[in-house]
file run.csv (CSV, C-alpha atoms and all ligand atoms)
chain,number,residue,atom,x,y,z
A,150,MET,CA,45.7,63.9,64.4
A,151,ALA,CA,44.6,66.6,61.9
A,152,ARG,CA,47.3,69.0,61.0
A,153,LYS,CA,46.5,71.9,58.7
A,154,VAL,CA,48.3,71.7,55.4
A,155,ILE,CA,50.8,74.5,54.8
A,156,ILE,CA,52.1,75.2,51.3
A,157,ALA,CA,54.8,77.9,51.1
A,158,GLY,CA,56.5,79.2,48.0
A,159,ASN,CA,60.2,80.0,48.4
A,160,TRP,CA,60.9,82.4,45.6
A,161,LYS,CA,64.7,82.4,46.4
A,162,MET,CA,66.4,85.2,44.5
A,163,ASN,CA,63.7,85.7,42.0
A,164,ASN,CA,61.1,88.5,41.3
A,165,THR,CA,61.5,92.2,41.7
A,166,ALA,CA,58.7,94.1,43.4
A,167,PRO,CA,56.6,94.6,40.3
A,168,GLU,CA,57.1,91.0,39.3
A,169,GLY,CA,56.3,89.7,42.7
A,170,SER,CA,53.1,91.9,42.9
A,171,ALA,CA,52.0,90.7,39.5
A,172,LEU,CA,52.5,87.0,40.6
A,173,VAL,CA,50.4,87.5,43.7
A,174,GLU,CA,47.8,89.5,41.9
A,175,ALA,CA,47.4,86.5,39.5
A,176,LEU,CA,47.5,84.0,42.3
A,177,LYS,CA,44.8,85.7,44.4
A,178,PRO,CA,41.7,84.7,42.3
A,179,LEU,CA,43.1,81.2,41.7
A,180,VAL,CA,43.3,80.4,45.4
A,181,ALA,CA,40.4,82.6,46.7
A,182,GLY,CA,38.3,80.8,49.2
A,183,ILE,CA,40.7,78.0,49.9
A,184,ASP,CA,40.9,77.6,53.7
A,185,ALA,CA,42.0,74.0,53.9
A,186,ALA,CA,45.6,75.1,53.6
A,187,ASP,CA,47.8,77.9,54.9
A,188,ILE,CA,49.2,79.6,51.8
A,189,VAL,CA,52.5,81.5,52.1
A,190,VAL,CA,54.8,83.2,49.6
A,191,CYS,CA,58.4,84.1,50.6
A,192,PRO,CA,59.8,86.8,48.3
A,193,PRO,CA,63.2,88.4,48.5
A,194,PHE,CA,63.6,91.2,51.2
A,195,THR,CA,63.2,94.0,48.7
A,196,THR,CA,60.0,92.5,47.3
A,197,LEU,CA,58.3,92.0,50.7
A,198,ASN,CA,56.6,95.4,51.0
A,199,ALA,CA,55.0,95.2,47.6
A,200,VAL,CA,53.9,91.6,48.0
A,201,VAL,CA,52.4,92.3,51.4
A,202,GLU,CA,50.4,95.2,50.0
A,203,THR,CA,49.1,93.1,47.1
A,204,ALA,CA,48.3,90.1,49.3
A,205,CYS,CA,46.4,92.3,51.7
A,206,ASN,CA,42.8,91.1,52.3
A,207,SER,CA,43.5,87.7,50.7
A,208,ASN,CA,44.3,84.3,52.1
A,209,ILE,CA,47.9,84.6,51.1
A,210,LYS,CA,50.4,85.1,53.9
A,211,VAL,CA,53.9,86.5,53.3
A,212,GLY,CA,57.2,85.2,54.7
A,213,ALA,CA,60.9,86.1,54.5
A,214,GLN,CA,63.8,83.8,53.5
A,215,ASN,CA,66.1,84.6,56.4
A,216,LEU,CA,66.7,86.9,59.4
A,217,HIS,CA,69.5,88.0,61.6
A,218,TRP,CA,69.4,87.2,65.3
A,219,ALA,CA,70.4,90.6,66.7
A,220,GLU,CA,67.9,93.4,67.2
A,221,SER,CA,70.1,95.9,65.4
A,222,GLY,CA,73.8,96.8,65.0
A,223,ALA,CA,76.8,96.5,62.8
A,224,PHE,CA,75.8,93.6,60.7
A,225,THR,CA,76.2,94.8,57.1
A,226,GLY,CA,73.8,93.2,54.7
A,227,GLU,CA,71.6,91.6,57.4
A,228,ILE,CA,67.9,92.1,58.3
A,229,SER,CA,66.3,91.9,61.7
A,230,ALA,CA,63.1,90.3,62.9
A,231,ALA,CA,61.6,93.8,63.6
A,232,MET,CA,62.4,94.9,60.0
A,233,LEU,CA,60.6,91.9,58.6
A,234,LYS,CA,57.6,92.5,60.9
A,235,GLU,CA,57.5,96.1,59.8
A,236,ALA,CA,57.5,95.0,56.2
A,237,GLY,CA,54.5,92.8,57.0
A,238,ALA,CA,56.1,89.3,57.0
A,239,THR,CA,54.5,86.8,59.3
A,240,TYR,CA,56.7,83.7,58.5
A,241,VAL,CA,60.4,83.3,58.0
A,242,ILE,CA,62.4,80.5,56.5
A,243,ILE,CA,65.5,79.5,58.6
A,244,GLY,CA,68.4,77.3,57.7
A,245,HIS,CA,67.6,76.6,54.1
A,246,SER,CA,70.2,74.3,52.6
A,247,GLU,CA,71.3,77.0,50.1
A,248,ARG,CA,72.2,79.2,53.1
A,249,ARG,CA,74.0,76.3,54.7
A,250,GLN,CA,75.8,75.5,51.5
A,251,TYR,CA,76.8,78.9,50.3
A,252,PHE,CA,76.6,81.3,53.3
A,253,GLY,CA,78.1,79.4,56.2
A,254,GLU,CA,74.8,78.7,58.0
A,255,THR,CA,75.3,76.2,60.8
A,256,ASP,CA,73.0,74.5,63.3
A,257,ALA,CA,74.2,77.0,65.9
A,258,THR,CA,73.2,80.0,63.8
A,259,VAL,CA,69.9,78.4,62.8
A,260,ASN,CA,69.3,78.2,66.6
A,261,GLN,CA,70.1,81.9,67.1
A,262,ARG,CA,67.9,82.9,64.2
A,263,LEU,CA,65.1,80.7,65.5
A,264,ARG,CA,65.2,82.4,68.9
A,265,ALA,CA,65.0,85.8,67.3
A,266,ALA,CA,62.0,84.7,65.2
A,267,LEU,CA,60.1,83.3,68.1
A,268,CYS,CA,60.8,86.4,70.3
A,269,SER,CA,59.3,88.6,67.6
A,270,GLY,CA,56.3,86.4,66.9
A,271,LEU,CA,57.4,85.4,63.3
A,272,ILE,CA,56.4,81.8,62.5
A,273,PRO,CA,59.6,80.0,61.7
A,274,ILE,CA,60.0,77.4,59.0
A,275,VAL,CA,63.2,75.5,60.0
A,276,CYS,CA,64.8,73.5,57.1
A,277,VAL,CA,66.7,70.3,57.5
A,278,GLY,CA,67.9,67.8,54.9
A,279,GLU,CA,70.7,65.6,53.7
A,280,THR,CA,73.0,65.6,50.7
A,281,LEU,CA,73.1,62.8,48.2
A,282,GLU,CA,76.4,61.6,49.6
A,283,GLU,CA,75.0,61.5,53.1
A,284,ARG,CA,71.9,59.5,51.9
A,285,GLU,CA,74.0,57.1,49.9
A,286,GLY,CA,76.4,56.7,52.9
A,287,GLU,CA,73.3,55.8,55.0
A,288,ARG,CA,73.9,58.9,57.2
A,289,THR,CA,70.6,60.6,56.7
A,290,ASP,CA,69.2,59.8,60.1
A,291,ASN,CA,72.4,61.0,61.8
A,292,VAL,CA,72.5,64.2,59.8
A,293,LEU,CA,68.9,65.0,60.5
A,294,SER,CA,69.2,64.2,64.2
A,295,MET,CA,72.2,66.6,64.5
A,296,GLN,CA,70.3,69.3,62.6
A,297,LEU,CA,67.3,68.9,64.8
A,298,SER,CA,69.1,68.8,68.1
A,299,GLY,CA,71.4,71.7,67.2
A,300,GLY,CA,68.8,73.8,65.5
A,301,LEU,CA,66.2,73.3,68.1
A,302,ALA,CA,68.5,73.3,71.2
A,303,GLY,CA,66.9,74.9,74.2
A,304,ILE,CA,63.6,75.3,72.5
A,305,THR,CA,60.7,74.6,74.9
A,306,ALA,CA,57.7,72.4,74.0
A,307,SER,CA,55.4,75.5,74.0
A,308,GLU,CA,57.8,77.3,71.6
A,309,MET,CA,58.0,74.1,69.4
A,310,ALA,CA,54.2,74.4,69.0
A,311,ASP,CA,54.8,77.5,66.8
A,312,ILE,CA,57.6,76.0,64.7
A,313,ILE,CA,57.2,74.4,61.3
A,314,ILE,CA,59.9,71.9,60.0
A,315,ALA,CA,60.7,71.6,56.3
A,316,TYR,CA,62.4,68.4,55.2
A,317,GLU,CA,64.3,69.2,52.0
A,318,PRO,CA,66.6,66.4,50.7
A,319,ILE,CA,69.3,68.5,49.0
A,320,TRP,CA,69.6,66.1,46.1
A,321,ALA,CA,65.9,66.8,45.3
A,322,ILE,CA,66.1,70.6,45.2
A,323,GLY,CA,65.9,72.0,41.7
A,324,THR,CA,66.9,68.7,40.2
A,325,GLY,CA,63.6,67.3,39.1
A,326,LYS,CA,64.4,64.3,41.4
A,327,THR,CA,61.7,64.0,44.0
A,328,ALA,CA,62.0,61.6,46.9
A,329,THR,CA,59.3,58.9,46.3
A,330,PRO,CA,56.3,59.4,48.6
A,331,GLU,CA,57.4,56.3,50.6
A,332,MET,CA,60.9,57.6,51.0
A,333,ALA,CA,59.8,61.0,52.1
A,334,GLU,CA,57.2,59.5,54.5
A,335,ASP,CA,59.9,57.3,56.1
A,336,THR,CA,62.1,60.3,56.7
A,337,HIS,CA,59.2,62.5,58.0
A,338,CYS,CA,58.4,59.6,60.4
A,339,PHE,CA,62.0,59.6,61.5
A,340,ILE,CA,61.8,63.4,62.1
A,341,ARG,CA,58.6,63.1,64.0
A,342,GLY,CA,60.2,60.4,66.1
A,343,ARG,CA,63.0,62.7,67.0
A,344,LEU,CA,60.5,65.4,67.9
A,345,ILE,CA,58.7,62.9,70.1
A,346,GLU,CA,61.9,62.2,72.0
A,347,MET,CA,62.7,65.9,72.3
A,348,PHE,CA,59.3,67.3,73.1
A,349,GLY,CA,56.9,64.5,73.9
A,350,ALA,CA,54.3,62.8,71.8
A,351,ASP,CA,51.5,65.2,72.3
A,352,LEU,CA,53.4,68.2,71.1
A,353,ALA,CA,55.3,66.3,68.3
A,354,GLU,CA,52.0,65.1,66.8
A,355,LYS,CA,51.0,68.7,66.3
A,356,VAL,CA,54.1,69.9,64.5
A,357,ARG,CA,53.7,70.4,60.8
A,358,ILE,CA,56.5,68.9,58.6
A,359,GLN,CA,56.7,70.1,55.1
A,360,TYR,CA,58.4,68.3,52.2
A,361,GLY,CA,60.5,70.3,49.8
A,362,GLY,CA,62.4,69.3,46.7
A,363,SER,CA,61.0,69.3,43.1
A,364,MET,CA,57.4,69.3,44.4
A,365,LYS,CA,55.1,70.0,41.5
A,366,PRO,CA,51.3,69.9,40.7
A,367,GLU,CA,51.9,66.4,39.4
A,368,ASN,CA,53.4,64.9,42.6
A,369,ALA,CA,51.8,67.0,45.3
A,370,ALA,CA,48.7,64.8,45.9
A,371,GLU,CA,50.7,61.6,46.4
A,372,LEU,CA,53.2,63.3,48.7
A,373,LEU,CA,50.5,64.9,50.8
A,374,ALA,CA,48.6,61.6,51.0
A,375,GLN,CA,51.4,60.4,53.3
A,376,PRO,CA,50.3,60.6,56.9
A,377,ASN,CA,53.4,62.5,58.1
A,378,ILE,CA,53.7,64.9,55.2
A,379,ASP,CA,51.8,68.1,56.2
A,380,GLY,CA,52.7,70.5,53.4
A,381,GLY,CA,55.3,71.6,51.0
A,382,LEU,CA,58.1,74.2,50.6
A,383,ILE,CA,58.1,74.9,46.9
A,384,GLY,CA,60.8,76.5,44.8
A,385,GLY,CA,60.5,76.5,41.0
A,386,ALA,CA,56.8,75.6,40.9
A,387,SER,CA,55.9,78.6,43.1
A,388,LEU,CA,57.2,81.1,40.5
A,389,LYS,CA,54.1,80.8,38.3
A,390,ALA,CA,50.7,81.5,39.7
A,391,ALA,CA,49.0,78.7,37.7
A,392,SER,CA,51.4,76.0,38.8
A,393,PHE,CA,51.5,77.2,42.4
A,394,ALA,CA,47.7,77.3,42.5
A,395,ALA,CA,47.4,73.9,40.9
A,396,LEU,CA,49.9,72.4,43.3
A,397,ILE,CA,47.9,73.8,46.3
A,398,LYS,CA,44.6,72.4,44.9
A,399,ASN,CA,46.2,69.0,44.3
A,400,ALA,CA,47.7,69.0,47.8
A,401,ILE,CA,44.4,69.5,49.5
A,402,GLY,CA,42.6,67.1,47.2
A,501,LIG,P1,62.5,73.3,44.1
A,501,LIG,O1,61.0,73.1,44.4
A,501,LIG,O2,62.8,74.2,43.0
A,501,LIG,O3,63.1,71.9,44.0
A,501,LIG,O4,63.1,74.0,45.4
A,501,LIG,C1,62.8,73.5,46.7
A,501,LIG,C2,63.3,74.4,47.7
A,501,LIG,O5,64.5,74.5,47.9
A,501,LIG,C3,62.3,75.2,48.4
A,501,LIG,O6,62.8,75.8,49.5
call {"tool": "encode", "arguments": {"input": "run.csv", "output": "structure tokens", "more": "lines below"}}
Ligand code: 13P
result
Amino acid sequence: MARKVIIAGNWKMNNTAPEGSALVEALKPLVAGIDAADIVVCPPFTTLNAVVETACNSNIKVGAQNLHWAESGAFTGEISAAMLKEAGATYVIIGHSERRQYFGETDATVNQRLRAALCSGLIPIVCVGETLEEREGERTDNVLSMQLSGGLAGITASEMADIIIAYEPIWAIGTGKTATPEMAEDTHCFIRGRLIEMFGADLAEKVRIQYGGSMKPENAAELLAQPNIDGGLIGGASLKAASFAALIKNAIG
């Protein structure tokens, strides 16, 4: 089953509007003409407008890093799906481990955000992943199962067709420690197995599962060579145009 590779850069809390525009301006010629992968950058909210404008008429799509589930209201500091759409975002990351770790994100709030994204037509990238302690305690499968069943609760198979899953082992994020390709593939297989149970094989075979955690130009090819790894969610290596472009090229081979 051919699934189109998707490489997304999660800039996290980096890059002002001029910095983000400059990064995308530099990236554009380096990835021009690449259509074997969906290419996405996810800047901070305040940088979205500028990056959308710079990415206009290129093959680079723009995503946000979070959204609130309500349409509007008294939610100080939050951003709605409509606001993201207005800024020109087409993707949104939901449930990143840093949001779970530092901002109280739970599987229940992931589910609420996911519904809001789907209702508005934003393409959700739903993040799951285990801590080092959970992996060492052999609880990875349990943790991922709970994150998937809670985060995707009530989602229909046709909605699932529009959702991207990102598997990010927390111990590999920003640490330079990457899961070996075999270890990542094993876990991606487990995730797809759960999706088969939840949504049926036909649908689950179509879902793209990204790997994230210290993915770099040097390890992208071997990770993407695994049959169930369909892309990457990239932090550090997406902050420089040259490394992000090299990673994309190595990922698609
Ligand atoms: P790094 O690529 O910096 O490890 O970050 C991964 C990540 O958290 C992407 O969402």
call {"tool": "atom_distance", "arguments": {"input": "run.csv", "atom1": "CA of Phe393 in chain A", "atom2": "CA of Arg152 in chain A"}}
result
20.8 Å
call {"tool": "atom_distance", "arguments": {"input": "run.csv", "atom1": "CA of Ile228 in chain A", "atom2": "CA of Asp256 in chain A"}}
result
19.0 Å
call {"tool": "closest_atom_pairs", "arguments": {"input": "run.csv", "of": "chain A", "to": "ligand LIG 501 (chain A)", "cutoff": "7 Å", "atoms": "all atoms listed in the file", "output": "JSON lines"}}
result
{"residue": "A:Asn159", "atom": "CA", "partner": "A:LIG501", "partner_atom": "O6", "distance": 5.1}
{"residue": "A:His245", "atom": "CA", "partner": "A:LIG501", "partner_atom": "O6", "distance": 6.7}
{"residue": "A:Glu317", "atom": "CA", "partner": "A:LIG501", "partner_atom": "O5", "distance": 6.7}
{"residue": "A:Ala321", "atom": "CA", "partner": "A:LIG501", "partner_atom": "O3", "distance": 6.0}
{"residue": "A:Ile322", "atom": "CA", "partner": "A:LIG501", "partner_atom": "O3", "distance": 3.5}
{"residue": "A:Gly323", "atom": "CA", "partner": "A:LIG501", "partner_atom": "O3", "distance": 3.6}
{"residue": "A:Thr324", "atom": "CA", "partner": "A:LIG501", "partner_atom": "O3", "distance": 6.3}
{"residue": "A:Gly325", "atom": "CA", "partner": "A:LIG501", "partner_atom": "O3", "distance": 6.7}
{"residue": "A:Gly361", "atom": "CA", "partner": "A:LIG501", "partner_atom": "C1", "distance": 5.0}
{"residue": "A:Gly362", "atom": "CA", "partner": "A:LIG501", "partner_atom": "O3", "distance": 3.8}
{"residue": "A:Ser363", "atom": "CA", "partner": "A:LIG501", "partner_atom": "O3", "distance": 3.5}
{"residue": "A:Met364", "atom": "CA", "partner": "A:LIG501", "partner_atom": "O1", "distance": 5.2}
{"residue": "A:Leu382", "atom": "CA", "partner": "A:LIG501", "partner_atom": "C3", "distance": 4.8}
{"residue": "A:Ile383", "atom": "CA", "partner": "A:LIG501", "partner_atom": "O1", "distance": 4.2}
{"residue": "A:Gly384", "atom": "CA", "partner": "A:LIG501", "partner_atom": "O1", "distance": 3.4}
{"residue": "A:Gly385", "atom": "CA", "partner": "A:LIG501", "partner_atom": "O2", "distance": 3.8}
{"residue": "A:Ala386", "atom": "CA", "partner": "A:LIG501", "partner_atom": "O1", "distance": 6.0}
call {"tool": "residues_around", "arguments": {"input": "run.csv", "residues": "range 371-375 of chain A", "least_positions_apart": "6", "cutoff": "9 Å", "atoms": "all atoms listed in the file", "output": "PyMOL selection string"}}
result
chain A and resi 154+329-331+333-334+360+364+381+399-402
call {"tool": "atom_distance", "arguments": {"input": "run.csv", "atom1": "CA of Asn368 in chain A", "atom2": "CA of Thr239 in chain A"}}
result
27.6 Å
call {"tool": "residues_near_point", "arguments": {"input": "run.csv", "point": "(55.0, 76.5, 62.9)", "cutoff": "7 Å", "atoms": "only C-alpha atoms", "output": "PyMOL selection string"}}
result
chain A and resi 272-274+310-313+356-357
call {"tool": "residues_near_point", "arguments": {"input": "run.csv", "point": "(61.2, 94.5, 65.0)", "cutoff": "12 Å", "atoms": "only C-alpha atoms", "output": "MDAnalysis selection string"}}
result
chainID A and resid 216:221 228:239 265:271
call {"tool": "closest_residue", "arguments": {"input": "run.csv", "among": "A:Pro178, A:Ala157, A:Ile183, A:Arg249", "to": "Gly212 in chain A", "atoms": "only C-alpha atoms"}}
result
A:Ala157
call {"tool": "closest_residue", "arguments": {"input": "run.csv", "among": "A:Gly278, A:Ala171, A:Ile304, A:Ala166", "to": "Ala390 in chain A", "atoms": "only C-alpha atoms"}}
result
A:Ala171
call {"tool": "residues_around", "arguments": {"input": "run.csv", "residues": "His337 in chain A", "least_positions_apart": "2", "cutoff": "9 Å", "atoms": "all atoms listed in the file", "output": "PyMOL selection string"}}
result
chain A and resi 316+332-335+339-342+358-360+377-378
call {"tool": "closest_residue", "arguments": {"input": "run.csv", "among": "A:Lys398, A:Arg288, A:Lys161, A:Lys153", "to": "Glu367 in chain A", "atoms": "all atoms listed in the file"}}
result
A:Lys398
call {"tool": "closest_residue", "arguments": {"input": "run.csv", "among": "A:Asn208, A:Thr165, A:Asn215, A:Leu301", "to": "Glu227 in chain A", "atoms": "all atoms listed in the file"}}
result
A:Asn215
call {"tool": "closest_residue", "arguments": {"input": "run.csv", "among": "A:Gln214, A:Pro167, A:Ala257, A:Phe224", "to": "Val200 in chain A", "atoms": "only C-alpha atoms"}}
result
A:Pro167
call {"tool": "decode", "arguments": {"input": "run.csv", "residues": "range 315-336 of chain A", "atoms": "N, CA, C and O atoms", "output": "PDB file, in the first residue's frame"}}
result
ATOM      1  N   ALA A 315       1.496  10.788  14.667  1.00  0.00           N
ATOM      2  CA  ALA A 315       2.951  10.935  14.823  1.00  0.00           C
ATOM      3  C   ALA A 315       3.373  10.160  16.062  1.00  0.00           C
ATOM      4  O   ALA A 315       2.882  10.439  17.165  1.00  0.00           O
ATOM      5  N   TYR A 316       4.249   9.188  15.865  1.00  0.00           N
ATOM      6  CA  TYR A 316       4.803   8.456  17.008  1.00  0.00           C
ATOM      7  C   TYR A 316       6.116   9.114  17.407  1.00  0.00           C
ATOM      8  O   TYR A 316       7.075   9.125  16.639  1.00  0.00           O
ATOM      9  N   GLU A 317       6.120   9.693  18.605  1.00  0.00           N
ATOM     10  CA  GLU A 317       7.333  10.358  19.100  1.00  0.00           C
ATOM     11  C   GLU A 317       7.705   9.789  20.458  1.00  0.00           C
ATOM     12  O   GLU A 317       7.112  10.176  21.479  1.00  0.00           O
ATOM     13  N   PRO A 318       8.664   8.860  20.509  1.00  0.00           N
ATOM     14  CA  PRO A 318       9.129   8.395  21.816  1.00  0.00           C
ATOM     15  C   PRO A 318       9.748   9.581  22.554  1.00  0.00           C
ATOM     16  O   PRO A 318      10.670  10.222  22.038  1.00  0.00           O
ATOM     17  N   ILE A 319       9.241   9.864  23.747  1.00  0.00           N
ATOM     18  CA  ILE A 319       9.638  11.105  24.434  1.00  0.00           C
ATOM     19  C   ILE A 319      11.132  11.118  24.720  1.00  0.00           C
ATOM     20  O   ILE A 319      11.782  12.159  24.644  1.00  0.00           O
ATOM     21  N   TRP A 320      11.688   9.944  24.975  1.00  0.00           N
ATOM     22  CA  TRP A 320      13.116   9.850  25.292  1.00  0.00           C
ATOM     23  C   TRP A 320      13.996  10.150  24.082  1.00  0.00           C
ATOM     24  O   TRP A 320      15.204  10.324  24.218  1.00  0.00           O
ATOM     25  N   ALA A 321      13.400  10.224  22.913  1.00  0.00           N
ATOM     26  CA  ALA A 321      14.194  10.508  21.703  1.00  0.00           C
ATOM     27  C   ALA A 321      14.055  11.964  21.253  1.00  0.00           C
ATOM     28  O   ALA A 321      14.716  12.381  20.307  1.00  0.00           O
ATOM     29  N   ILE A 322      13.203  12.748  21.936  1.00  0.00           N
ATOM     30  CA  ILE A 322      12.956  14.116  21.480  1.00  0.00           C
ATOM     31  C   ILE A 322      14.043  15.058  21.993  1.00  0.00           C
ATOM     32  O   ILE A 322      14.219  15.210  23.205  1.00  0.00           O
ATOM     33  N   GLY A 323      14.760  15.660  21.069  1.00  0.00           N
ATOM     34  CA  GLY A 323      15.759  16.658  21.414  1.00  0.00           C
ATOM     35  C   GLY A 323      16.949  16.093  22.168  1.00  0.00           C
ATOM     36  O   GLY A 323      17.750  16.834  22.728  1.00  0.00           O
ATOM     37  N   THR A 324      17.082  14.787  22.210  1.00  0.00           N
ATOM     38  CA  THR A 324      18.141  14.166  23.008  1.00  0.00           C
ATOM     39  C   THR A 324      19.279  13.642  22.155  1.00  0.00           C
ATOM     40  O   THR A 324      20.327  13.276  22.683  1.00  0.00           O
ATOM     41  N   GLY A 325      19.040  13.580  20.842  1.00  0.00           N
ATOM     42  CA  GLY A 325      20.042  12.977  19.971  1.00  0.00           C
ATOM     43  C   GLY A 325      19.911  11.458  19.945  1.00  0.00           C
ATOM     44  O   GLY A 325      20.548  10.777  19.151  1.00  0.00           O
ATOM     45  N   LYS A 326      19.078  10.900  20.828  1.00  0.00           N
ATOM     46  CA  LYS A 326      18.856   9.438  20.829  1.00  0.00           C
ATOM     47  C   LYS A 326      17.688   9.129  19.912  1.00  0.00           C
ATOM     48  O   LYS A 326      16.563   9.525  20.189  1.00  0.00           O
ATOM     49  N   THR A 327      17.952   8.445  18.827  1.00  0.00           N
ATOM     50  CA  THR A 327      16.843   8.062  17.942  1.00  0.00           C
ATOM     51  C   THR A 327      16.505   6.613  18.235  1.00  0.00           C
ATOM     52  O   THR A 327      17.398   5.820  18.531  1.00  0.00           O
ATOM     53  N   ALA A 328      15.242   6.270  18.125  1.00  0.00           N
ATOM     54  CA  ALA A 328      14.903   4.850  18.158  1.00  0.00           C
ATOM     55  C   ALA A 328      15.596   4.215  16.956  1.00  0.00           C
ATOM     56  O   ALA A 328      15.694   4.841  15.896  1.00  0.00           O
ATOM     57  N   THR A 329      16.098   2.998  17.105  1.00  0.00           N
ATOM     58  CA  THR A 329      16.661   2.340  15.922  1.00  0.00           C
ATOM     59  C   THR A 329      15.521   2.145  14.922  1.00  0.00           C
ATOM     60  O   THR A 329      14.343   2.063  15.325  1.00  0.00           O
ATOM     61  N   PRO A 330      15.852   2.049  13.641  1.00  0.00           N
ATOM     62  CA  PRO A 330      14.781   1.852  12.654  1.00  0.00           C
ATOM     63  C   PRO A 330      13.927   0.632  12.989  1.00  0.00           C
ATOM     64  O   PRO A 330      12.715   0.670  12.865  1.00  0.00           O
ATOM     65  N   GLU A 331      14.563  -0.428  13.492  1.00  0.00           N
ATOM     66  CA  GLU A 331      13.808  -1.657  13.811  1.00  0.00           C
ATOM     67  C   GLU A 331      12.856  -1.424  14.986  1.00  0.00           C
ATOM     68  O   GLU A 331      11.711  -1.860  14.977  1.00  0.00           O
ATOM     69  N   MET A 332      13.363  -0.697  15.994  1.00  0.00           N
ATOM     70  CA  MET A 332      12.539  -0.417  17.169  1.00  0.00           C
ATOM     71  C   MET A 332      11.352   0.472  16.781  1.00  0.00           C
ATOM     72  O   MET A 332      10.211   0.237  17.183  1.00  0.00           O
ATOM     73  N   ALA A 333      11.636   1.487  15.964  1.00  0.00           N
ATOM     74  CA  ALA A 333      10.560   2.387  15.525  1.00  0.00           C
ATOM     75  C   ALA A 333       9.551   1.615  14.687  1.00  0.00           C
ATOM     76  O   ALA A 333       8.339   1.745  14.874  1.00  0.00           O
ATOM     77  N   GLU A 334      10.047   0.762  13.778  1.00  0.00           N
ATOM     78  CA  GLU A 334       9.145  -0.018  12.923  1.00  0.00           C
ATOM     79  C   GLU A 334       8.253  -0.933  13.762  1.00  0.00           C
ATOM     80  O   GLU A 334       7.049  -1.041  13.511  1.00  0.00           O
ATOM     81  N   ASP A 335       8.835  -1.571  14.769  1.00  0.00           N
ATOM     82  CA  ASP A 335       8.042  -2.431  15.660  1.00  0.00           C
ATOM     83  C   ASP A 335       6.894  -1.654  16.279  1.00  0.00           C
ATOM     84  O   ASP A 335       5.762  -2.128  16.340  1.00  0.00           O
ATOM     85  N   THR A 336       7.208  -0.448  16.738  1.00  0.00           N
ATOM     86  CA  THR A 336       6.179   0.347  17.416  1.00  0.00           C
ATOM     87  C   THR A 336       5.155   0.866  16.402  1.00  0.00           C
ATOM     88  O   THR A 336       3.956   0.884  16.686  1.00  0.00           O
TER      89      THR A 336
END
